[in-house]
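Source file: run_25.txt. Holds: compact mmCIF, C-alpha atoms and all ligand atoms.
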```txt
# COMPACT_ATOMS: atom_id res chain seq x y z
CA MET A 13 -5.08 -11.71 2.77
CA PRO A 14 -2.75 -11.82 -0.24
CA GLU A 15 0.51 -9.96 0.32
CA HIS A 16 0.22 -8.19 -2.98
CA GLU A 17 -2.24 -5.33 -3.13
CA GLU A 18 -2.89 -3.76 -6.52
CA THR A 19 -2.55 0.01 -6.79
CA MET A 20 -4.95 2.11 -8.83
CA LYS A 21 -3.98 4.06 -11.91
CA SER A 22 -5.50 5.89 -14.86
CA GLY A 23 -8.04 3.68 -16.66
CA ASP A 24 -9.18 2.08 -13.40
CA ALA A 25 -12.54 2.40 -11.67
CA LEU A 26 -13.88 1.24 -8.32
CA LEU A 27 -17.16 -0.69 -8.43
CA ILE A 28 -18.88 -1.17 -5.07
CA VAL A 29 -21.57 -3.82 -5.24
CA ASP A 30 -24.77 -3.57 -3.15
CA VAL A 31 -23.46 -2.24 0.19
CA GLN A 32 -27.03 -1.72 1.39
CA ASN A 33 -28.60 -1.99 4.83
CA ASP A 34 -30.59 -5.15 4.05
CA PHE A 35 -27.32 -7.04 3.42
CA CYS A 36 -25.77 -5.85 6.69
CA PRO A 37 -26.40 -7.10 10.25
CA GLY A 38 -30.00 -6.29 11.23
CA GLY A 39 -31.14 -6.25 7.60
CA ALA A 40 -33.70 -8.42 5.81
CA LEU A 41 -31.02 -10.56 4.11
CA ALA A 42 -28.20 -10.01 6.57
CA ILE A 43 -24.77 -11.30 5.63
CA GLU A 44 -22.48 -12.19 8.52
CA LYS A 45 -20.13 -9.24 9.09
CA GLY A 46 -21.50 -7.63 5.94
CA ASP A 47 -20.80 -4.21 7.43
CA ALA A 48 -17.11 -5.09 7.84
CA VAL A 49 -16.62 -4.23 4.17
CA VAL A 50 -17.43 -0.56 4.82
CA PRO A 51 -14.13 0.67 6.36
CA VAL A 52 -12.14 -1.32 3.79
CA LEU A 53 -14.14 0.15 0.91
CA ASN A 54 -13.76 3.62 2.40
CA ARG A 55 -10.00 3.24 2.04
CA TRP A 56 -10.44 2.22 -1.61
CA ILE A 57 -12.75 5.19 -2.15
CA SER A 58 -9.99 7.47 -0.78
CA ARG A 59 -7.43 5.90 -3.08
CA ALA A 60 -9.71 6.31 -6.11
CA SER A 61 -10.53 9.91 -5.20
CA GLU A 62 -6.87 10.84 -4.65
CA LYS A 63 -6.21 9.83 -8.26
CA ASP A 64 -9.44 11.29 -9.59
CA LEU A 65 -10.70 7.85 -10.61
CA PRO A 66 -14.41 7.15 -10.91
CA VAL A 67 -16.44 5.37 -8.24
CA TYR A 68 -19.50 3.31 -9.17
CA ALA A 69 -21.96 1.88 -6.65
CA SER A 70 -24.56 -0.68 -7.64
CA ARG A 71 -27.76 -1.16 -5.68
CA ASP A 72 -30.31 -3.94 -5.60
CA TRP A 73 -33.59 -2.08 -6.09
CA HIS A 74 -36.57 -4.42 -6.13
CA PRO A 75 -40.24 -3.63 -6.65
CA VAL A 76 -42.65 -4.96 -3.99
CA GLY A 77 -43.37 -8.66 -4.69
CA HIS A 78 -40.27 -9.16 -6.85
CA VAL A 79 -39.81 -12.53 -8.58
CA SER A 80 -36.64 -13.20 -6.55
CA PHE A 81 -38.63 -13.26 -3.29
CA ARG A 82 -39.67 -16.59 -1.73
CA GLU A 83 -43.37 -15.68 -1.72
CA GLN A 84 -43.10 -15.40 -5.51
CA GLY A 85 -41.19 -18.67 -5.85
CA GLY A 86 -37.73 -17.12 -5.69
CA SER A 87 -34.80 -17.79 -3.35
CA TRP A 88 -34.73 -14.83 -0.99
CA PRO A 89 -36.72 -13.11 1.71
CA PRO A 90 -38.05 -9.73 0.58
CA HIS A 91 -35.11 -7.30 0.55
CA CYS A 92 -33.92 -4.01 -0.95
CA ILE A 93 -37.41 -2.83 -1.76
CA GLN A 94 -37.30 0.46 -3.64
CA ASP A 95 -37.07 3.57 -1.43
CA THR A 96 -37.07 1.66 1.89
CA SER A 97 -34.34 2.14 4.49
CA GLY A 98 -33.22 -1.44 3.81
CA ALA A 99 -32.39 -0.49 0.26
CA ALA A 100 -30.29 2.53 1.28
CA PHE A 101 -26.51 2.40 1.13
CA HIS A 102 -24.83 1.82 4.51
CA LYS A 103 -24.63 5.19 6.21
CA ASP A 104 -20.89 4.91 6.92
CA LEU A 105 -19.97 4.24 3.30
CA ASN A 106 -18.26 7.45 2.18
CA LEU A 107 -19.56 7.59 -1.36
CA PRO A 108 -18.20 10.66 -3.19
CA ALA A 109 -20.76 13.19 -4.44
CA ASP A 110 -20.01 12.18 -8.03
CA THR A 111 -20.51 8.44 -7.45
CA VAL A 112 -22.33 6.83 -10.35
CA VAL A 113 -25.20 4.69 -9.04
CA VAL A 114 -26.05 1.54 -10.99
CA THR A 115 -29.59 0.38 -10.26
CA LYS A 116 -30.53 -3.25 -10.89
CA GLY A 117 -33.12 -5.82 -9.83
CA VAL A 118 -35.95 -3.62 -11.07
CA ARG A 119 -37.28 -5.98 -13.72
CA PHE A 120 -40.62 -7.64 -12.97
CA ASP A 121 -39.83 -10.78 -14.95
CA GLN A 122 -36.33 -11.74 -13.82
CA ASP A 123 -33.59 -11.00 -11.29
CA GLN A 124 -30.40 -9.14 -12.17
CA ASN A 125 -27.52 -10.23 -9.95
CA SER A 126 -24.80 -8.67 -12.06
CA ALA A 127 -24.33 -4.90 -12.21
CA PHE A 128 -23.74 -5.43 -15.95
CA ASP A 129 -27.01 -7.28 -16.56
CA GLN A 130 -29.11 -5.06 -18.86
CA THR A 131 -27.77 -1.87 -17.28
CA GLY A 132 -25.46 -0.70 -20.08
CA LEU A 133 -22.55 -0.58 -17.61
CA ALA A 134 -20.04 -2.16 -20.02
CA GLU A 135 -20.80 0.56 -22.60
CA GLU A 136 -20.47 3.22 -19.89
CA PHE A 137 -17.04 1.90 -18.91
CA ARG A 138 -15.88 1.75 -22.52
CA ARG A 139 -17.14 5.28 -23.13
CA ARG A 140 -15.11 6.52 -20.15
CA GLN A 141 -12.09 4.49 -21.27
CA ILE A 142 -12.13 2.38 -18.16
CA ARG A 143 -10.11 -0.78 -18.70
CA ARG A 144 -9.73 -2.22 -15.23
CA ILE A 145 -12.27 -2.55 -12.44
CA PHE A 146 -11.69 -3.02 -8.73
CA VAL A 147 -14.70 -4.79 -7.21
CA GLY A 148 -15.85 -5.22 -3.62
CA GLY A 149 -19.16 -5.36 -1.75
CA LEU A 150 -21.98 -7.84 -1.10
CA ALA A 151 -22.50 -10.63 -1.47
CA LEU A 152 -19.35 -12.43 -2.63
CA ASP A 153 -21.18 -15.57 -3.77
CA VAL A 154 -24.14 -13.79 -5.39
CA CYS A 155 -23.93 -10.31 -6.88
CA VAL A 156 -20.17 -9.79 -6.56
CA GLN A 157 -19.51 -13.09 -8.31
CA ALA A 158 -22.00 -12.40 -11.10
CA THR A 159 -20.60 -8.88 -11.58
CA VAL A 160 -16.96 -10.00 -11.68
CA LEU A 161 -17.68 -12.81 -14.15
CA ASP A 162 -19.57 -10.43 -16.44
CA ALA A 163 -16.79 -7.83 -16.20
CA LEU A 164 -14.27 -10.45 -17.29
CA GLU A 165 -16.51 -11.61 -20.11
CA GLU A 166 -16.88 -8.01 -21.29
CA GLY A 167 -13.10 -7.84 -21.52
CA PHE A 168 -12.28 -5.73 -18.47
CA GLU A 169 -9.35 -6.57 -16.26
CA THR A 170 -10.94 -7.27 -12.92
CA VAL A 171 -9.51 -7.16 -9.43
CA LEU A 172 -11.53 -8.74 -6.61
CA LEU A 173 -10.92 -6.94 -3.31
CA LEU A 174 -11.07 -9.95 -1.03
CA SER A 175 -11.14 -8.12 2.29
CA ALA A 176 -13.88 -5.83 0.95
CA THR A 177 -16.43 -8.60 0.41
CA ARG A 178 -18.36 -11.21 2.44
CA PRO A 179 -20.34 -14.29 1.30
CA VAL A 180 -23.85 -15.45 2.16
CA THR A 181 -22.29 -18.86 2.94
CA ALA A 182 -18.62 -19.71 3.51
CA GLU A 183 -18.80 -22.62 1.08
CA GLY A 184 -20.42 -20.43 -1.56
CA GLY A 185 -17.69 -17.88 -1.00
CA GLU A 186 -14.92 -20.41 -1.64
CA LYS A 187 -16.61 -21.62 -4.81
CA ALA A 188 -17.11 -18.05 -5.97
CA ILE A 189 -13.42 -17.24 -5.52
CA GLU A 190 -12.48 -20.34 -7.52
CA SER A 191 -14.81 -19.47 -10.39
CA MET A 192 -13.58 -15.86 -10.49
CA LYS A 193 -9.93 -17.03 -10.53
CA LYS A 194 -10.79 -19.42 -13.33
CA GLY A 195 -12.42 -16.58 -15.25
CA GLY A 196 -9.21 -14.56 -14.98
CA ALA A 197 -9.84 -12.28 -12.01
CA VAL A 198 -6.92 -10.98 -9.98
CA ILE A 199 -7.50 -11.63 -6.30
CA SER A 200 -6.16 -8.78 -4.18
CA GLY A 201 -6.18 -7.78 -0.53
C1 LIG A 301 -27.97 -10.18 -3.58
C2 LIG A 301 -29.28 -11.94 -2.88
C3 LIG A 301 -30.38 -11.37 -3.47
C4 LIG A 301 -26.64 -9.52 -3.63
C5 LIG A 301 -29.06 -9.62 -4.17
O1 LIG A 301 -26.57 -8.29 -3.79
O2 LIG A 301 -25.62 -10.24 -3.51
N1 LIG A 301 -28.08 -11.34 -2.95
N2 LIG A 301 -30.26 -10.21 -4.12
ZN ZN A 302 -31.94 -9.03 -4.65
```
As structure tokens, how would this structure be written, given the file I've shared?
Amino acid sequence: MPEHEETMKSGDALLIVDVQNDFCPGGALAIEKGDAVVPVLNRWISRASEKDLPVYASRDWHPVGHVSFREQGGSWPPHCIQDTSGAAFHKDLNLPADTVVVTKGVRFDQDQNSAFDQTGLAEEFRRRQIRRIFVGGLALDVCVQATVLDALEEGFETVLLLSATRPVTAEGGEKAIESMKKGGAVISG
């Protein structure tokens, strides 16, 4: 864990990516120690709330028979199907009542790994004068990576919360960190 941990200030937002049951142990697309991100993210939620900073939570929200599922020629087992318990946020994640939920993965014709992909999230952040985003959640080498790279491309300062994320594969995780660093992300504890 890096020694330096960024502190939050006005103009910052917390973006929690896909901390849903299907990505946690016992879920349909379980990530090793996926649930370990929950207590870490709860501390970041407290920090954001103390300073009255907004919290966003994205969720993967697929229709039955989504194109990203193996049976349809995609890469993944069926997961995060709309309104199932697998698609629910982890029960121990202390999302504030005014959390803004970003729903993605609903398109029939393509997957949306990034929380910015056709959701209007960049416009939402600009409208709320958010300039810097702290990102954690699941999975590091899939949706977290895609979200961080899009955030950087949209011109937001982006802090990856390393201890608040886990990869599908260790190798993928290392590559993801490298690509995010290259894109200009700040890697924080
Ligand atoms: C994700 C695989 C498939 C993620 C979503 O949220 O990282 N991974 N769909
Ligand atoms: Zn998905």
task = Identify, counting only C-alpha atoms and all ligand atoms, the protein, DNA and RNA residues located within 9 Å of ligand ZN 302 (chain A), and give them as number ranges by chain.
result = A: 41, 71-74, 78, 80-81, 88-93, 116-117, 123-125, 155
* Asked: Which residues come within 8 Å of Val198 in chain A, counting only C-alpha atoms, excluding same-chain residues fewer than 2 positions away, as a PyMOL selection string?
  -> chain A and resi 170-172+193+196+200
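Distance check against Ile28 in chain A using all atoms listed in the file: of A:Ala40, A:Ala176, A:Phe120, A:Glu136, the minimum falls on A:Ala176.
If you look at CA of Val156 in chain A and CA of Glu135 in chain A, they are 19.1 Å away from each other.
Each of A:Ala42, A:Leu107, A:Ala134, A:Leu164 was compared to ligand LIG 301 (chain A) using only C-alpha atoms and all ligand atoms, and A:Ala42 turns out to be the nearest.
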Using all atoms listed in the file, the best pick from A:Thr19, A:Ser61, A:Asn54, A:Ser87 as closest to ligand LIG 301 (chain A) would be A:Ser87
With distances taken over all atoms listed in the file, the candidate from A:Thr115, A:Ser175, A:Gln130, A:Gln157 nearest Ala188 in chain A is A:Gln157
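CA of Glu18 in chain A is positioned 22.9 Å from CA of Phe128 in chain A.
Comparing A:Asp30, A:Trp56, A:Val79, A:Asp64 by their smallest distance to Leu173 in chain A, the closest is A:Trp56 (using all atoms listed in the file).
Atom pair CA of Ser22 in chain A / CA of Asp104 in chain A has a distance of 26.7 Å (rounded to one decimal).
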Shortest contact to ligand LIG 301 (chain A), candidates A:Ile189, A:Leu105, A:Leu133, A:Ala127, atoms counted all atoms listed in the file, goes to A:Ala127
Per-axis box centre and lengths in Å around range 27-43 of chain A, 8 Å margin per side, axis-aligned, as AutoDock Vina command-line options:
```
--center_x -25.4 --center_y -6.0 --center_z 1.4 --size_x 32.5 --size_y 26.6 --size_z 35.7
```
